[in-house]
file run-v9.cif (mmCIF, C-alpha atoms)
data_data
loop_
_atom_site.group_PDB
_atom_site.id
_atom_site.type_symbol
_atom_site.label_atom_id
_atom_site.label_comp_id
_atom_site.auth_asym_id
_atom_site.auth_seq_id
_atom_site.Cartn_x
_atom_site.Cartn_y
_atom_site.Cartn_z
ATOM 1 C CA MET A 1 10.707 13.250 -18.303
ATOM 2 C CA THR A 2 10.602 10.495 -15.713
ATOM 3 C CA LYS A 3 7.610 10.583 -13.404
ATOM 4 C CA ASP A 4 8.021 9.839 -9.701
ATOM 5 C CA TYR A 5 4.866 7.930 -8.817
ATOM 6 C CA LYS A 6 5.672 7.822 -5.119
ATOM 7 C CA GLY A 7 5.827 11.616 -5.183
ATOM 8 C CA ILE A 8 2.691 11.872 -7.308
ATOM 9 C CA ILE A 9 0.562 9.851 -4.897
ATOM 10 C CA GLY A 10 2.103 11.656 -1.929
ATOM 11 C CA ASP A 11 1.076 15.007 -3.399
ATOM 12 C CA ILE A 12 -2.393 13.747 -4.263
ATOM 13 C CA SER A 13 -2.860 12.279 -0.786
ATOM 14 C CA ALA A 14 -2.007 15.629 0.782
ATOM 15 C CA TYR A 15 -4.632 17.380 -1.285
ATOM 16 C CA THR A 16 -7.300 14.722 -0.856
ATOM 17 C CA ALA A 17 -6.860 15.348 2.876
ATOM 18 C CA GLU A 18 -7.587 19.012 2.156
ATOM 19 C CA LEU A 19 -10.647 18.022 0.128
ATOM 20 C CA ARG A 20 -11.904 15.986 3.097
ATOM 21 C CA LYS A 21 -11.978 19.272 5.051
ATOM 22 C CA LEU A 22 -13.580 21.301 2.252
ATOM 23 C CA ILE A 23 -16.140 18.823 0.948
ATOM 24 C CA PRO A 24 -16.564 16.105 3.586
ATOM 25 C CA GLU A 25 -19.906 14.851 2.312
ATOM 26 C CA THR A 26 -18.563 14.356 -1.209
ATOM 27 C CA MET A 27 -15.415 12.654 0.040
ATOM 28 C CA ASN A 28 -17.434 10.402 2.364
ATOM 29 C CA GLY A 29 -19.653 9.474 -0.567
ATOM 30 C CA PHE A 30 -16.645 8.687 -2.739
ATOM 31 C CA GLY A 31 -15.169 6.608 0.083
ATOM 32 C CA ALA A 32 -18.412 4.668 0.464
ATOM 33 C CA MET A 33 -18.503 4.009 -3.282
ATOM 34 C CA ALA A 34 -14.873 2.837 -3.240
ATOM 35 C CA LYS A 35 -15.570 0.532 -0.293
ATOM 36 C CA ALA A 36 -18.581 -0.997 -2.049
ATOM 37 C CA ALA A 37 -16.767 -1.423 -5.375
ATOM 38 C CA THR A 38 -13.691 -3.026 -3.848
ATOM 39 C CA GLN A 39 -15.524 -5.581 -1.691
ATOM 40 C CA THR A 40 -14.487 -9.056 -2.703
ATOM 41 C CA LYS A 41 -17.463 -11.139 -3.715
ATOM 42 C CA THR A 42 -16.875 -12.963 -6.979
ATOM 43 C CA LEU A 43 -13.639 -11.205 -7.959
ATOM 44 C CA ASP A 44 -10.639 -11.095 -5.648
ATOM 45 C CA GLU A 45 -8.829 -7.897 -4.653
ATOM 46 C CA LYS A 46 -5.942 -8.371 -7.097
ATOM 47 C CA THR A 47 -8.286 -8.891 -10.043
ATOM 48 C CA LYS A 48 -10.180 -5.730 -9.186
ATOM 49 C CA GLU A 49 -6.929 -3.780 -8.899
ATOM 50 C CA LEU A 50 -5.772 -5.102 -12.279
ATOM 51 C CA ILE A 51 -9.041 -3.844 -13.788
ATOM 52 C CA ALA A 52 -8.558 -0.492 -12.067
ATOM 53 C CA LEU A 53 -5.036 -0.234 -13.483
ATOM 54 C CA ALA A 54 -6.294 -0.871 -17.015
ATOM 55 C CA LEU A 55 -8.943 1.805 -16.570
ATOM 56 C CA GLY A 56 -6.321 4.201 -15.175
ATOM 57 C CA VAL A 57 -4.235 3.670 -18.310
ATOM 58 C CA ALA A 58 -7.268 4.283 -20.543
ATOM 59 C CA ALA A 59 -8.160 7.434 -18.588
ATOM 60 C CA ARG A 60 -4.527 8.649 -18.629
ATOM 61 C CA CYS A 61 -4.632 9.170 -14.861
ATOM 62 C CA ASP A 62 -1.187 9.442 -13.237
ATOM 63 C CA GLY A 63 -2.619 9.180 -9.739
ATOM 64 C CA CYS A 64 -4.553 6.056 -10.706
ATOM 65 C CA LEU A 65 -1.370 4.453 -12.021
ATOM 66 C CA GLY A 66 0.421 5.264 -8.782
ATOM 67 C CA PHE A 67 -2.243 4.122 -6.343
ATOM 68 C CA HIS A 68 -3.178 0.940 -8.205
ATOM 69 C CA THR A 69 0.382 -0.200 -8.976
ATOM 70 C CA LYS A 70 1.319 0.401 -5.337
ATOM 71 C CA THR A 71 -1.569 -1.815 -4.249
ATOM 72 C CA LEU A 72 -0.748 -4.442 -6.880
ATOM 73 C CA ALA A 73 2.856 -4.584 -5.700
ATOM 74 C CA ARG A 74 1.584 -5.090 -2.129
ATOM 75 C CA LEU A 75 -0.766 -7.847 -3.332
ATOM 76 C CA GLY A 76 2.104 -9.711 -4.971
ATOM 77 C CA ALA A 77 1.235 -9.067 -8.612
ATOM 78 C CA THR A 78 3.970 -10.083 -11.005
ATOM 79 C CA ARG A 79 5.472 -7.950 -13.713
ATOM 80 C CA GLU A 80 4.090 -10.488 -16.198
ATOM 81 C CA GLU A 81 0.532 -10.014 -14.873
ATOM 82 C CA ILE A 82 0.955 -6.246 -15.128
ATOM 83 C CA GLY A 83 2.211 -6.703 -18.693
ATOM 84 C CA GLU A 84 -0.834 -8.722 -19.736
ATOM 85 C CA VAL A 85 -3.207 -6.157 -18.276
ATOM 86 C CA LEU A 86 -1.314 -3.360 -20.003
ATOM 87 C CA GLY A 87 -1.560 -5.283 -23.276
ATOM 88 C CA MET A 88 -5.346 -5.351 -22.941
ATOM 89 C CA ALA A 89 -5.400 -1.649 -22.063
ATOM 90 C CA VAL A 90 -3.347 -0.810 -25.162
ATOM 91 C CA TYR A 91 -5.534 -3.030 -27.347
ATOM 92 C CA MET A 92 -8.675 -1.290 -26.099
ATOM 93 C CA GLY A 93 -7.246 2.237 -25.975
ATOM 94 C CA GLY A 94 -4.823 2.477 -28.892
ATOM 95 C CA GLY A 95 -1.786 4.767 -29.004
ATOM 96 C CA PRO A 96 -2.649 7.011 -26.057
ATOM 97 C CA SER A 97 -3.067 3.941 -23.868
ATOM 98 C CA LEU A 98 0.317 2.639 -25.062
ATOM 99 C CA MET A 99 1.965 5.803 -23.730
ATOM 100 C CA TYR A 100 0.307 5.368 -20.331
ATOM 101 C CA ALA A 101 0.969 1.628 -20.285
ATOM 102 C CA ALA A 102 4.689 2.439 -20.404
ATOM 103 C CA ASP A 103 4.189 4.798 -17.454
ATOM 104 C CA ALA A 104 2.139 2.191 -15.570
ATOM 105 C CA LEU A 105 5.007 -0.283 -15.888
ATOM 106 C CA ARG A 106 7.406 2.390 -14.618
ATOM 107 C CA ALA A 107 5.110 3.034 -11.643
ATOM 108 C CA PHE A 108 4.873 -0.694 -10.835
ATOM 109 C CA ASP A 109 8.667 -1.020 -11.012
ATOM 110 C CA GLN A 110 9.059 1.926 -8.622
ATOM 111 C CA PHE A 111 6.698 0.386 -6.041
ATOM 112 C CA SER A 112 7.951 -3.195 -6.374
ATOM 113 C CA ALA A 113 11.658 -2.352 -6.160
ATOM 114 C CA PRO A 114 13.371 -3.341 -2.924
ATOM 115 C CA GLN A 115 13.282 -0.530 -0.399
ATOM 116 C CA THR A 116 16.644 1.011 0.403
#

call {"tool": "encode", "arguments": {"input": "run-v9.cif", "output": "structure tokens"}}
result
Amino acid sequence: MTKDYKGIIGDISAYTAELRKLIPETMNGFGAMAKAATQTKTLDEKTKELIALALGVAARCDGCLGFHTKTLARLGATREEIGEVLGMAVYMGGGPSLMYAADALRAFDQFSAPQT
């Protein structure tokens, strides 16, 4: 089964919009935490996104793979950089991480492919 990461993050985005209506305080709190965590101080944005991708692989989170590979493609990450990060994720997470590393590479390829 091939996963469509553009579709996955589209579906998730639609429902996070619904969550903003249902639980606005929680979603505002999550947004504030995300803003604070992603501020660039010592580490740049791409480095933080590479870390987030590795954690998404370890957590087996399809949405994480989609959102973070989309951002990494926008930031100009190379397939080789993605590969090194996925190697670390597999090393730290074993077999289950290997399965999600393959999916993370698929997601990156989908977002970095030329738009038709």

call {"tool": "atom_distance", "arguments": {"input": "run-v9.cif", "atom1": "atom CA of Gln39 of chain A", "atom2": "atom CA of Leu53 of chain A"}}
result
16.7 Å

call {"tool": "atom_distance", "arguments": {"input": "run-v9.cif", "atom1": "atom CA of Ala14 of chain A", "atom2": "atom CA of Gly63 of chain A"}}
result
12.4 Å

call {"tool": "residues_around", "arguments": {"input": "run-v9.cif", "residues": "Glu80 of chain A", "least_positions_apart": "5", "cutoff": "12 Å", "atoms": "all atoms listed in the file", "output": "ChimeraX atom specification"}}
result
/A:50,85-87,105,108-109

call {"tool": "closest_residue", "arguments": {"input": "run-v9.cif", "among": "A:Ser112, A:Ile82, A:Ala59, A:Lys41", "to": "Gly94 of chain A", "atoms": "all atoms listed in the file"}}
result
A:Ala59

call {"tool": "resolve_selection", "arguments": {"input": "run-v9.cif", "expression": "the PyMOL selection byres ((chain A and resi 100) around 12)", "output": "JSON, numbers by chain"}}
result
{"A": [3, 53, 54, 55, 56, 57, 58, 59, 60, 61, 62, 63, 64, 65, 66, 86, 87, 89, 90, 93, 94, 95, 96, 97, 98, 99, 101, 102, 103, 104, 105, 106, 107]}

call {"tool": "closest_residue", "arguments": {"input": "run-v9.cif", "among": "A:Asp11, A:Glu84, A:Glu18, A:Asp4", "to": "Ile51 of chain A", "atoms": "only C-alpha atoms"}}
result
A:Glu84

call {"tool": "closest_residue", "arguments": {"input": "run-v9.cif", "among": "A:Gln115, A:Thr69, A:Ser13, A:Thr26", "to": "Lys48 of chain A", "atoms": "only C-alpha atoms"}}
result
A:Thr69

call {"tool": "axis_aligned_box", "arguments": {"input": "run-v9.cif", "around": "segment 60-67 of chain A", "padding_each_side": "3 Å", "output": "AutoDock Vina command-line options"}}
result
--center_x -2.1 --center_y 6.8 --center_z -12.5 --size_x 11.1 --size_y 11.3 --size_z 18.3

call {"tool": "atom_distance", "arguments": {"input": "run-v9.cif", "atom1": "atom CA of Ala36 of chain A", "atom2": "atom CA of His68 of chain A"}}
result
16.7 Å

call {"tool": "residues_around", "arguments": {"input": "run-v9.cif", "residues": "Glu45 of chain A", "least_positions_apart": "2", "cutoff": "12 Å", "atoms": "only C-alpha atoms", "output": "list in words"}}
result
Lys35, Ala37, Thr38, Gln39, Thr40, Lys41, Thr42, Leu43, Thr47, Lys48, Glu49, Leu50, Ile51, Ala52, His68, Thr71, Leu72, Arg74, Leu75, Gly76 and Ala77 of chain A

call {"tool": "write_last_selection", "arguments": {"input": "run-v9.cif", "atoms": "C-alpha atoms", "output": "mmCIF file, keeping the file's coordinate frame"}}
result
data_model
loop_
_atom_site.group_PDB
_atom_site.id
_atom_site.type_symbol
_atom_site.label_atom_id
_atom_site.label_comp_id
_atom_site.auth_asym_id
_atom_site.auth_seq_id
_atom_site.Cartn_x
_atom_site.Cartn_y
_atom_site.Cartn_z
ATOM 1 C CA LYS A 35 -15.570 0.532 -0.293
ATOM 2 C CA ALA A 37 -16.767 -1.423 -5.375
ATOM 3 C CA THR A 38 -13.691 -3.026 -3.848
ATOM 4 C CA GLN A 39 -15.524 -5.581 -1.691
ATOM 5 C CA THR A 40 -14.487 -9.056 -2.703
ATOM 6 C CA LYS A 41 -17.463 -11.139 -3.715
ATOM 7 C CA THR A 42 -16.875 -12.963 -6.979
ATOM 8 C CA LEU A 43 -13.639 -11.205 -7.959
ATOM 9 C CA THR A 47 -8.286 -8.891 -10.043
ATOM 10 C CA LYS A 48 -10.180 -5.730 -9.186
ATOM 11 C CA GLU A 49 -6.929 -3.780 -8.899
ATOM 12 C CA LEU A 50 -5.772 -5.102 -12.279
ATOM 13 C CA ILE A 51 -9.041 -3.844 -13.788
ATOM 14 C CA ALA A 52 -8.558 -0.492 -12.067
ATOM 15 C CA HIS A 68 -3.178 0.940 -8.205
ATOM 16 C CA THR A 71 -1.569 -1.815 -4.249
ATOM 17 C CA LEU A 72 -0.748 -4.442 -6.880
ATOM 18 C CA ARG A 74 1.584 -5.090 -2.129
ATOM 19 C CA LEU A 75 -0.766 -7.847 -3.332
ATOM 20 C CA GLY A 76 2.104 -9.711 -4.971
ATOM 21 C CA ALA A 77 1.235 -9.067 -8.612
#

call {"tool": "closest_residue", "arguments": {"input": "run-v9.cif", "among": "A:Gly29, A:Lys6, A:Thr16, A:Tyr91", "to": "Ala113 of chain A", "atoms": "all atoms listed in the file"}}
result
A:Lys6

call {"tool": "decode", "arguments": {"input": "run-v9.cif", "residues": "segment 90-107 of chain A", "atoms": "N, CA and C atoms", "output": "PDB file, in the first residue's frame"}}
result
ATOM      1  N   VAL A  90      16.694   4.987  12.328  1.00  0.00           N
ATOM      2  CA  VAL A  90      16.682   3.521  12.310  1.00  0.00           C
ATOM      3  C   VAL A  90      17.616   2.969  13.379  1.00  0.00           C
ATOM      4  N   TYR A  91      18.804   3.534  13.483  1.00  0.00           N
ATOM      5  CA  TYR A  91      19.769   3.101  14.496  1.00  0.00           C
ATOM      6  C   TYR A  91      19.157   3.193  15.894  1.00  0.00           C
ATOM      7  N   MET A  92      18.470   4.291  16.171  1.00  0.00           N
ATOM      8  CA  MET A  92      17.918   4.503  17.506  1.00  0.00           C
ATOM      9  C   MET A  92      16.607   3.755  17.715  1.00  0.00           C
ATOM     10  N   GLY A  93      15.880   3.454  16.645  1.00  0.00           N
ATOM     11  CA  GLY A  93      14.556   2.860  16.804  1.00  0.00           C
ATOM     12  C   GLY A  93      14.392   1.443  16.307  1.00  0.00           C
ATOM     13  N   GLY A  94      15.429   0.850  15.722  1.00  0.00           N
ATOM     14  CA  GLY A  94      15.356  -0.524  15.273  1.00  0.00           C
ATOM     15  C   GLY A  94      14.417  -0.754  14.093  1.00  0.00           C
ATOM     16  N   GLY A  95      13.918  -1.978  13.987  1.00  0.00           N
ATOM     17  CA  GLY A  95      13.090  -2.403  12.863  1.00  0.00           C
ATOM     18  C   GLY A  95      11.858  -1.550  12.604  1.00  0.00           C
ATOM     19  N   PRO A  96      11.063  -1.230  13.648  1.00  0.00           N
ATOM     20  CA  PRO A  96       9.902  -0.395  13.387  1.00  0.00           C
ATOM     21  C   PRO A  96      10.272   0.964  12.789  1.00  0.00           C
ATOM     22  N   SER A  97      11.381   1.526  13.216  1.00  0.00           N
ATOM     23  CA  SER A  97      11.815   2.797  12.645  1.00  0.00           C
ATOM     24  C   SER A  97      12.263   2.624  11.201  1.00  0.00           C
ATOM     25  N   LEU A  98      12.834   1.466  10.861  1.00  0.00           N
ATOM     26  CA  LEU A  98      13.228   1.204   9.477  1.00  0.00           C
ATOM     27  C   LEU A  98      12.006   1.256   8.562  1.00  0.00           C
ATOM     28  N   MET A  99      10.894   0.680   9.014  1.00  0.00           N
ATOM     29  CA  MET A  99       9.678   0.689   8.196  1.00  0.00           C
ATOM     30  C   MET A  99       9.200   2.122   7.961  1.00  0.00           C
ATOM     31  N   TYR A 100       9.245   2.945   8.984  1.00  0.00           N
ATOM     32  CA  TYR A 100       8.796   4.335   8.844  1.00  0.00           C
ATOM     33  C   TYR A 100       9.838   5.202   8.155  1.00  0.00           C
ATOM     34  N   ALA A 101      11.104   4.834   8.225  1.00  0.00           N
ATOM     35  CA  ALA A 101      12.120   5.568   7.479  1.00  0.00           C
ATOM     36  C   ALA A 101      11.861   5.427   5.982  1.00  0.00           C
ATOM     37  N   ALA A 102      11.485   4.221   5.549  1.00  0.00           N
ATOM     38  CA  ALA A 102      11.144   4.027   4.134  1.00  0.00           C
ATOM     39  C   ALA A 102       9.968   4.917   3.751  1.00  0.00           C
ATOM     40  N   ASP A 103       8.966   5.009   4.608  1.00  0.00           N
ATOM     41  CA  ASP A 103       7.824   5.885   4.336  1.00  0.00           C
ATOM     42  C   ASP A 103       8.217   7.360   4.367  1.00  0.00           C
ATOM     43  N   ALA A 104       9.131   7.736   5.250  1.00  0.00           N
ATOM     44  CA  ALA A 104       9.569   9.133   5.310  1.00  0.00           C
ATOM     45  C   ALA A 104      10.271   9.527   4.013  1.00  0.00           C
ATOM     46  N   LEU A 105      11.062   8.616   3.454  1.00  0.00           N
ATOM     47  CA  LEU A 105      11.723   8.903   2.185  1.00  0.00           C
ATOM     48  C   LEU A 105      10.684   9.035   1.073  1.00  0.00           C
ATOM     49  N   ARG A 106       9.673   8.184   1.083  1.00  0.00           N
ATOM     50  CA  ARG A 106       8.586   8.287   0.113  1.00  0.00           C
ATOM     51  C   ARG A 106       7.893   9.646   0.235  1.00  0.00           C
ATOM     52  N   ALA A 107       7.614  10.066   1.462  1.00  0.00           N
ATOM     53  CA  ALA A 107       6.951  11.354   1.681  1.00  0.00           C
ATOM     54  C   ALA A 107       7.816  12.495   1.169  1.00  0.00           C
TER      55      ALA A 107
END
